[in-house]
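Chemist: Got target.txt for you, compact mmCIF, C-alpha atoms and all ligand atoms:
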```txt
# COMPACT_ATOMS: atom_id res chain seq x y z
CA MET A 1 135.37 -70.69 -82.97
CA ASN A 2 133.20 -67.61 -83.51
CA ASP A 3 131.93 -65.61 -86.46
CA PHE A 4 134.10 -62.53 -86.01
CA THR A 5 137.30 -61.70 -87.84
CA LEU A 6 138.40 -59.51 -84.94
CA GLU A 7 137.11 -59.56 -81.41
CA VAL A 8 138.74 -57.49 -78.69
CA ALA A 9 137.26 -57.69 -75.21
CA GLU A 10 137.70 -55.53 -72.13
CA LEU A 11 141.09 -54.19 -73.16
CA THR A 12 142.94 -51.99 -70.72
CA LYS A 13 146.23 -50.19 -71.27
CA THR A 14 147.99 -47.70 -69.00
CA TYR A 15 151.34 -46.15 -69.84
CA ASN A 16 153.79 -45.45 -66.97
CA ALA A 17 151.49 -47.14 -64.45
CA GLY A 18 151.92 -45.89 -60.89
CA LYS A 19 154.23 -43.04 -61.91
CA PRO A 20 153.42 -39.32 -61.86
CA ASN A 21 153.19 -39.35 -65.66
CA GLU A 22 150.69 -42.23 -65.74
CA VAL A 23 148.36 -42.19 -68.78
CA ARG A 24 145.29 -44.42 -68.63
CA VAL A 25 144.48 -44.88 -72.30
CA LEU A 26 142.16 -47.88 -72.66
CA GLN A 27 139.76 -48.64 -69.82
CA GLY A 28 137.69 -51.57 -71.01
CA VAL A 29 137.49 -51.46 -74.79
CA SER A 30 135.43 -54.12 -76.57
CA LEU A 31 134.81 -54.38 -80.31
CA SER A 32 133.79 -57.15 -82.70
CA VAL A 33 134.20 -56.91 -86.45
CA LYS A 34 132.55 -59.34 -88.87
CA PRO A 35 134.09 -60.58 -92.14
CA GLY A 36 133.71 -57.88 -94.81
CA GLU A 37 132.70 -55.21 -92.33
CA VAL A 38 134.47 -51.82 -92.39
CA VAL A 39 134.41 -49.95 -89.08
CA GLY A 40 135.43 -46.32 -88.69
CA LEU A 41 137.28 -45.51 -85.47
CA VAL A 42 136.98 -41.83 -84.65
CA ALA A 43 138.48 -39.98 -81.71
CA PRO A 44 140.45 -36.81 -81.04
CA SER A 45 144.23 -36.77 -81.01
CA GLY A 46 145.65 -38.54 -77.98
CA ALA A 47 142.50 -40.54 -77.25
CA GLY A 48 144.24 -43.86 -77.92
CA LYS A 49 143.46 -44.82 -81.54
CA SER A 50 147.01 -45.92 -82.31
CA THR A 51 147.27 -47.74 -78.98
CA LEU A 52 144.08 -49.69 -79.71
CA LEU A 53 145.05 -50.55 -83.28
CA HIS A 54 148.54 -51.66 -82.26
CA ILE A 55 147.06 -53.99 -79.65
CA ALA A 56 144.41 -55.33 -82.04
CA GLY A 57 147.14 -55.87 -84.66
CA LEU A 58 149.38 -57.79 -82.25
CA LEU A 59 152.07 -55.11 -82.38
CA ASP A 60 151.58 -54.36 -78.68
CA THR A 61 150.00 -56.16 -75.73
CA PRO A 62 147.22 -54.96 -73.42
CA ASP A 63 147.50 -54.90 -69.62
CA THR A 64 144.30 -56.95 -69.42
CA GLY A 65 141.69 -58.14 -71.88
CA THR A 66 141.78 -60.40 -74.92
CA VAL A 67 142.38 -60.17 -78.66
CA THR A 68 140.81 -62.89 -80.80
CA ILE A 69 141.53 -63.01 -84.53
CA GLY A 70 139.75 -65.47 -86.80
CA GLY A 71 138.49 -67.32 -83.73
CA THR A 72 141.96 -67.79 -82.20
CA ASP A 73 142.67 -66.20 -78.84
CA MET A 74 146.04 -64.48 -79.19
CA THR A 75 146.51 -63.66 -75.51
CA ASN A 76 148.80 -66.49 -74.52
CA LEU A 77 150.59 -67.18 -77.78
CA SER A 78 154.38 -67.12 -77.90
CA ASP A 79 155.99 -64.13 -79.62
CA ARG A 80 157.00 -66.36 -82.51
CA LYS A 81 153.45 -67.60 -83.07
CA ARG A 82 152.02 -64.08 -82.75
CA THR A 83 154.43 -62.82 -85.38
CA ALA A 84 153.49 -65.66 -87.72
CA VAL A 85 149.77 -64.99 -87.26
CA ARG A 86 150.26 -61.26 -87.72
CA ARG A 87 152.23 -61.74 -90.93
CA GLY A 88 149.64 -64.01 -92.51
CA THR A 89 146.40 -62.60 -91.16
CA VAL A 90 146.70 -58.91 -90.33
CA GLY A 91 147.46 -56.04 -92.68
CA PHE A 92 148.55 -52.85 -90.95
CA ILE A 93 148.69 -49.34 -92.36
CA TYR A 94 150.66 -47.10 -90.05
CA GLN A 95 149.94 -43.48 -89.27
CA PHE A 96 153.26 -42.67 -90.96
CA HIS A 97 153.96 -44.87 -93.95
CA HIS A 98 156.97 -46.81 -92.56
CA LEU A 99 158.13 -47.91 -96.01
CA LEU A 100 161.70 -49.18 -96.17
CA PRO A 101 163.60 -46.23 -97.67
CA GLU A 102 166.34 -48.25 -99.39
CA PHE A 103 163.89 -50.42 -101.33
CA THR A 104 161.65 -49.58 -104.28
CA ALA A 105 157.86 -49.42 -104.11
CA LEU A 106 157.69 -52.87 -105.70
CA GLU A 107 160.24 -54.36 -103.31
CA ASN A 108 158.39 -52.93 -100.32
CA ILE A 109 155.37 -55.00 -101.39
CA VAL A 110 157.37 -58.08 -102.41
CA LEU A 111 159.45 -58.43 -99.22
CA PRO A 112 156.62 -59.23 -96.77
CA GLN A 113 155.42 -61.91 -99.16
CA LEU A 114 158.85 -63.53 -99.34
CA ALA A 115 158.93 -63.51 -95.53
CA ASN A 116 155.62 -65.35 -95.66
CA GLY A 117 156.94 -68.06 -97.99
CA VAL A 118 155.60 -66.81 -101.34
CA THR A 119 157.83 -67.36 -104.39
CA GLU A 120 159.57 -64.35 -105.88
CA LYS A 121 157.67 -64.63 -109.15
CA ALA A 122 154.25 -64.80 -107.49
CA ALA A 123 155.14 -62.00 -105.08
CA HIS A 124 156.24 -59.79 -107.93
CA ALA A 125 153.05 -60.44 -109.88
CA ARG A 126 150.86 -59.70 -106.88
CA ALA A 127 152.77 -56.51 -106.09
CA MET A 128 152.35 -55.24 -109.66
CA ASP A 129 148.66 -56.13 -109.59
CA LEU A 130 148.14 -54.19 -106.35
CA LEU A 131 150.09 -51.17 -107.60
CA GLY A 132 147.93 -51.20 -110.72
CA LYS A 133 144.76 -51.26 -108.62
CA VAL A 134 145.79 -48.09 -106.78
CA GLY A 135 146.86 -46.45 -110.04
CA ILE A 136 150.63 -46.19 -109.62
CA ALA A 137 152.07 -49.19 -111.48
CA GLU A 138 154.39 -46.82 -113.34
CA ARG A 139 155.99 -45.83 -110.01
CA ALA A 140 157.02 -49.40 -109.15
CA SER A 141 160.75 -48.77 -109.40
CA HIS A 142 160.72 -45.55 -107.37
CA ARG A 143 162.09 -45.49 -103.85
CA PRO A 144 159.82 -43.88 -101.22
CA ALA A 145 161.78 -40.61 -101.26
CA ALA A 146 160.96 -40.25 -104.96
CA LEU A 147 157.21 -40.64 -104.37
CA SER A 148 154.66 -38.04 -103.29
CA GLY A 149 153.00 -38.43 -99.89
CA GLY A 150 149.84 -39.79 -101.51
CA GLU A 151 151.83 -42.25 -103.59
CA GLN A 152 153.75 -43.40 -100.53
CA GLN A 153 150.47 -44.11 -98.75
CA ARG A 154 149.17 -46.04 -101.78
CA VAL A 155 152.30 -48.21 -101.64
CA ALA A 156 151.72 -48.70 -97.92
CA PHE A 157 148.16 -49.87 -98.69
CA CYS A 158 149.49 -52.38 -101.20
CA ARG A 159 152.09 -53.60 -98.73
CA SER A 160 149.46 -54.07 -96.03
CA LEU A 161 147.42 -56.27 -98.38
CA ALA A 162 150.38 -58.15 -99.84
CA ASN A 163 149.75 -61.32 -97.85
CA GLU A 164 145.99 -61.33 -98.40
CA PRO A 165 145.09 -60.64 -94.77
CA ALA A 166 141.63 -61.35 -93.37
CA LEU A 167 141.86 -58.19 -91.27
CA LEU A 168 143.07 -54.72 -92.16
CA LEU A 169 143.90 -52.15 -89.49
CA ALA A 170 144.55 -48.64 -90.77
CA ASP A 171 145.77 -45.85 -88.49
CA GLU A 172 144.73 -42.52 -90.02
CA PRO A 173 145.78 -43.71 -93.47
CA THR A 174 145.20 -40.32 -95.06
CA GLY A 175 145.85 -38.10 -92.04
CA ASN A 176 149.00 -36.50 -93.39
CA LEU A 177 147.66 -35.58 -96.83
CA ASP A 178 145.92 -32.45 -98.09
CA PRO A 179 142.11 -32.78 -98.36
CA ASP A 180 141.96 -33.43 -102.13
CA THR A 181 144.74 -36.00 -102.09
CA SER A 182 143.25 -37.51 -98.96
CA ASP A 183 139.92 -38.07 -100.74
CA GLN A 184 141.56 -39.71 -103.76
CA VAL A 185 143.84 -41.91 -101.69
CA PHE A 186 140.94 -42.87 -99.46
CA ASP A 187 138.92 -43.87 -102.54
CA ALA A 188 141.80 -46.09 -103.62
CA LEU A 189 141.86 -47.71 -100.18
CA MET A 190 138.09 -48.29 -100.08
CA THR A 191 138.19 -49.83 -103.56
CA LEU A 192 140.89 -52.25 -102.42
CA VAL A 193 139.03 -53.09 -99.22
CA ARG A 194 135.69 -53.71 -100.96
CA ASP A 195 137.45 -55.60 -103.76
CA THR A 196 139.04 -58.05 -101.34
CA GLY A 197 136.08 -58.23 -98.95
CA LEU A 198 138.23 -58.12 -95.85
CA ALA A 199 137.26 -56.84 -92.43
CA ALA A 200 138.76 -53.47 -91.56
CA VAL A 201 139.07 -50.96 -88.78
CA ILE A 202 140.08 -47.55 -90.08
CA ALA A 203 140.97 -44.75 -87.69
CA THR A 204 140.35 -41.23 -88.89
CA HIS A 205 139.81 -37.69 -87.65
CA ASN A 206 137.71 -37.06 -90.73
CA LEU A 207 134.00 -37.55 -90.03
CA GLU A 208 133.08 -37.44 -93.74
CA LEU A 209 135.41 -40.34 -94.46
CA ALA A 210 134.15 -42.19 -91.41
CA ALA A 211 130.58 -41.80 -92.65
CA ARG A 212 131.48 -43.86 -95.73
CA MET A 213 132.21 -46.94 -93.64
CA ASP A 214 129.66 -49.54 -92.55
CA ARG A 215 129.55 -48.24 -89.00
CA GLN A 216 131.48 -46.02 -86.68
CA VAL A 217 132.75 -46.24 -83.14
CA ARG A 218 134.12 -43.41 -81.02
CA LEU A 219 136.87 -43.78 -78.44
CA THR A 220 136.08 -41.48 -75.53
CA ALA A 221 137.57 -41.52 -72.05
CA GLY A 222 139.07 -44.95 -72.63
CA VAL A 223 135.93 -46.75 -73.81
CA LEU A 224 134.23 -47.23 -77.16
CA GLU A 225 130.76 -45.98 -77.93
CA MET A 226 128.80 -47.01 -81.01
CA ILE A 227 127.68 -44.06 -83.14
N1 LIG B 1 154.81 -45.32 -75.32
C1 LIG B 1 154.09 -44.43 -74.65
N2 LIG B 1 154.44 -44.05 -73.41
C2 LIG B 1 153.71 -43.16 -72.70
N3 LIG B 1 152.58 -42.60 -73.15
C3 LIG B 1 152.17 -42.93 -74.38
C4 LIG B 1 152.89 -43.86 -75.20
N4 LIG B 1 152.23 -44.00 -76.37
C5 LIG B 1 151.16 -43.20 -76.30
N5 LIG B 1 151.12 -42.55 -75.10
C6 LIG B 1 150.07 -41.62 -74.65
O1 LIG B 1 148.84 -42.32 -74.73
C7 LIG B 1 147.80 -41.48 -75.23
C8 LIG B 1 147.18 -42.13 -76.46
O2 LIG B 1 148.15 -42.14 -77.52
P1 LIG B 1 147.77 -42.66 -78.99
O3 LIG B 1 149.00 -42.51 -79.80
O4 LIG B 1 147.19 -44.01 -78.87
O5 LIG B 1 146.65 -41.60 -79.42
P2 LIG B 1 145.96 -41.34 -80.84
O6 LIG B 1 144.49 -41.33 -80.61
O7 LIG B 1 146.50 -42.29 -81.82
O8 LIG B 1 146.45 -39.87 -81.18
P3 LIG B 1 146.74 -39.16 -82.63
O9 LIG B 1 145.40 -38.89 -83.24
O10 LIG B 1 147.46 -37.90 -82.26
O11 LIG B 1 147.58 -40.11 -83.41
C9 LIG B 1 148.43 -40.13 -75.49
O12 LIG B 1 148.15 -39.29 -74.38
C10 LIG B 1 149.92 -40.43 -75.55
O13 LIG B 1 150.66 -39.35 -75.11
MG MG B 2 147.62 -42.07 -83.51
```
Please express what this file holds, its structure, as structure tokens.
Ligand SMILES: Nc1ncnc2c1ncn2[C@@H]1O[C@H](COP(=O)(O)OP(=O)(O)OP(=O)(O)O)[C@@H](O)[C@H]1O
Ligand SMILES: [Mg+2]

Modeler:
Amino acid sequence: MNDFTLEVAELTKTYNAGKPNEVRVLQGVSLSVKPGEVVGLVAPSGAGKSTLLHIAGLLDTPDTGTVTIGGTDMTNLSDRKRTAVRRGTVGFIYQFHHLLPEFTALENIVLPQLANGVTEKAAHARAMDLLGKVGIAERASHRPAALSGGEQQRVAFCRSLANEPALLLADEPTGNLDPDTSDQVFDALMTLVRDTGLAAVIATHNLELAARMDRQVRLTAGVLEMI
């Protein structure tokens, strides 16, 4: 057992290893995040932010290195166990919102809770509460296509927090929005994060947004430097 919500150690990841199109993305990445701590992950496009977050969030596996969440080493867990841990412990906000198009905003937040064993009534109440916190309760019955980009991202935030994760990983959560909308949506996210007190790693190109987090790390040439 340790005191970190997330601890990744010496991660390496190479795509197309040994082929002419080999891409060495992570070359020994280590990062520890304490409960309640919000870390900004900054790096240029293509540096490996999504790769790192997907590995930390158990959506992908590293070539070598370890991922420890809440003191449990995830390296040798079965796929079934990893999925169960991910569902209950990790909230993920994708670079593109990934909402289910055929379901309403509310249903997109309810469904992951049902998959995690929550009753329909409780899931519904929590979804409405979260939508209210990000200011779009009145959009609950809209499908994603009938929401603005900023509203879609707010729904994605709510979905990521639906199962009360201990860890939030956000991959450029406001990267596809215009600057004004980005600021507002980012405020909504930070309010949610501070409100729940969870640990978070938030990737962004935006240095001003990164400066509002507790600390920042930069991914350069496959390793992380503290800034
Ligand atoms: N499945 C894959 N197969 C081969 N190469 C990949 C794959 N996924 C990513 N890459 C390459 O790995 C590098 C890192 O990609 P990644 O998506 O992690 O970067 P990023 O920092 O998230 O970029 P962006 O800011 O544009 O989202 C890029 O050069 C990319 O082309
Ligand atoms: Mg990316």

Chemist: Counting all atoms listed in the file, which residues of segment 12-111 of chain A sit at most 9 Å from some atom of segment 200-223 of chain A, and what is each one's closest atom pair with its distance in Å to one decimal, listed by chain and rising residue number, as CSV?

Modeler:
```
residue,atom,partner,partner_atom,distance
A:Thr12,CA,A:Gly222,CA,8.3
A:Lys13,CA,A:Gly222,CA,9.0
A:Arg24,CA,A:Gly222,CA,7.4
A:Val25,CA,A:Gly222,CA,5.4
A:Leu26,CA,A:Gly222,CA,4.3
A:Gln27,CA,A:Gly222,CA,4.7
A:Gly28,CA,A:Val223,CA,5.8
A:Val29,CA,A:Val223,CA,5.1
A:Ser30,CA,A:Val223,CA,7.9
A:Leu31,CA,A:Val217,CA,8.9
A:Val33,CA,A:Ala200,CA,7.7
A:Lys34,CA,A:Ala200,CA,9.0
A:Pro35,CA,A:Ala200,CA,8.5
A:Gly36,CA,A:Ala200,CA,7.5
A:Glu37,CA,A:Ala200,CA,6.4
A:Val38,CA,A:Ala200,CA,4.7
A:Val39,CA,A:Val201,CA,4.8
A:Gly40,CA,A:Gln216,CA,4.4
A:Leu41,CA,A:Ala203,CA,4.4
A:Val42,CA,A:Arg218,CA,4.9
A:Ala43,CA,A:Leu219,CA,5.3
A:Pro44,CA,A:His205,CA,6.7
A:Ser45,CA,A:His205,CA,8.0
A:Ala47,CA,A:Leu219,CA,6.6
A:Gly48,CA,A:Leu219,CA,7.4
A:Lys49,CA,A:Ala203,CA,6.6
A:Ser50,CA,A:Ala203,CA,8.2
A:Leu53,CA,A:Val201,CA,8.1
```

Chemist: Keeping only C-alpha atoms, write the selected residues to a file as a compact mmCIF listing (two decimals), keeping the file's coordinate frame.

Modeler:
```txt
# COMPACT_ATOMS: atom_id res chain seq x y z
CA THR A 12 142.94 -51.99 -70.72
CA LYS A 13 146.23 -50.19 -71.27
CA ARG A 24 145.29 -44.42 -68.63
CA VAL A 25 144.48 -44.88 -72.30
CA LEU A 26 142.16 -47.88 -72.66
CA GLN A 27 139.76 -48.64 -69.82
CA GLY A 28 137.69 -51.57 -71.01
CA VAL A 29 137.49 -51.46 -74.79
CA SER A 30 135.43 -54.12 -76.57
CA LEU A 31 134.81 -54.38 -80.31
CA VAL A 33 134.20 -56.91 -86.45
CA LYS A 34 132.55 -59.34 -88.87
CA PRO A 35 134.09 -60.58 -92.14
CA GLY A 36 133.71 -57.88 -94.81
CA GLU A 37 132.70 -55.21 -92.33
CA VAL A 38 134.47 -51.82 -92.39
CA VAL A 39 134.41 -49.95 -89.08
CA GLY A 40 135.43 -46.32 -88.69
CA LEU A 41 137.28 -45.51 -85.47
CA VAL A 42 136.98 -41.83 -84.65
CA ALA A 43 138.48 -39.98 -81.71
CA PRO A 44 140.45 -36.81 -81.04
CA SER A 45 144.23 -36.77 -81.01
CA ALA A 47 142.50 -40.54 -77.25
CA GLY A 48 144.24 -43.86 -77.92
CA LYS A 49 143.46 -44.82 -81.54
CA SER A 50 147.01 -45.92 -82.31
CA LEU A 53 145.05 -50.55 -83.28
```

Chemist: Please report the interatomic distance between atom C4 of ligand LIG 1 (chain B) and atom CA of Thr66 of chain A in Å with one decimal.

Modeler: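 For atom C4 of ligand LIG 1 (chain B) relative to atom CA of Thr66 of chain A, the distance reads 19.9 Å.
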
Chemist: Given only C-alpha atoms and all ligand atoms as the basis, pick out the residue of A:Leu147, A:Ala156, A:Ala127, A:Val23 nearest to ligand LIG 1 (chain B).

Modeler: A:Val23

Chemist: Atom CA of Asn116 of chain A and atom CA of Arg194 of chain A are how many Å apart?

Modeler: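 Answer for the atom CA of Asn116 of chain A to atom CA of Arg194 of chain A separation: 23.7 Å.
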
Chemist: Kindly provide, as a compact mmCIF listing (two decimals) with C-alpha atoms, keeping the file's coordinate frame, the polymer residues lying within 10 Å of (156.4, -59.4, -100.1), counting all atoms listed in the file and using the coordinates exactly as they appear in the file.

Modeler:
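Output file out_1.txt follows:
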```txt
# COMPACT_ATOMS: atom_id res chain seq x y z
CA LEU A 106 157.69 -52.87 -105.70
CA GLU A 107 160.24 -54.36 -103.31
CA ASN A 108 158.39 -52.93 -100.32
CA ILE A 109 155.37 -55.00 -101.39
CA VAL A 110 157.37 -58.08 -102.41
CA LEU A 111 159.45 -58.43 -99.22
CA PRO A 112 156.62 -59.23 -96.77
CA GLN A 113 155.42 -61.91 -99.16
CA LEU A 114 158.85 -63.53 -99.34
CA ALA A 115 158.93 -63.51 -95.53
CA ASN A 116 155.62 -65.35 -95.66
CA GLY A 117 156.94 -68.06 -97.99
CA VAL A 118 155.60 -66.81 -101.34
CA THR A 119 157.83 -67.36 -104.39
CA GLU A 120 159.57 -64.35 -105.88
CA ALA A 122 154.25 -64.80 -107.49
CA ALA A 123 155.14 -62.00 -105.08
CA HIS A 124 156.24 -59.79 -107.93
CA ARG A 126 150.86 -59.70 -106.88
CA ALA A 127 152.77 -56.51 -106.09
CA CYS A 158 149.49 -52.38 -101.20
CA ARG A 159 152.09 -53.60 -98.73
CA SER A 160 149.46 -54.07 -96.03
CA LEU A 161 147.42 -56.27 -98.38
CA ALA A 162 150.38 -58.15 -99.84
CA ASN A 163 149.75 -61.32 -97.85
```

Chemist: Rounded to one decimal, what separation in Å do you get between atom C4 of ligand LIG 1 (chain B) and atom CA of Tyr15 of chain A?

Modeler: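 Interatomic distance, atom C4 of ligand LIG 1 (chain B) to atom CA of Tyr15 of chain A: 6.0 Å.
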
Chemist: Need to verify the contact set: Ala56 of chain A, 8 Å, all atoms listed in the file, exclusion of same-chain residues closer than 6 positions in sequence. Can you return it as a list in words?

Modeler: Leu6, Val8 and Val67 of chain A

Chemist: Would you kindly return, as an MDAnalysis selection string, each protein, DNA or RNA residue with an atom no farther than 10 Å from any atom of Gly149 of chain A, considering only C-alpha atoms and excluding same-chain residues fewer than 6 positions away?

Modeler: chainID A and resid 96:97 155 174 176:178 181:182 185

Chemist: With all atoms listed in the file as the basis for distance, which of A:Ile93, A:Ala140, A:Leu99, A:Leu169 is at the shortest distance from Phe157 of chain A?

Modeler: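 Of A:Ile93, A:Ala140, A:Leu99, A:Leu169, the one nearest Phe157 of chain A, counting all atoms listed in the file, is A:Ile93.
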
Chemist: May I ask which of the residues A:Gln184, A:Ser148, A:Thr14, A:Ser32 is the closest one to ligand LIG 1 (chain B), counting all atoms listed in the file?

Modeler: A:Thr14

Chemist: Excluding Arg82 of chain A and residues on its chain fewer than 5 positions from it, collect all residues at most 12 Å away from it, counting all atoms listed in the file, and give them as a VMD selection string.

Modeler: chain A and resid 55 to 61 67 to 69 72 to 77 87 to 90
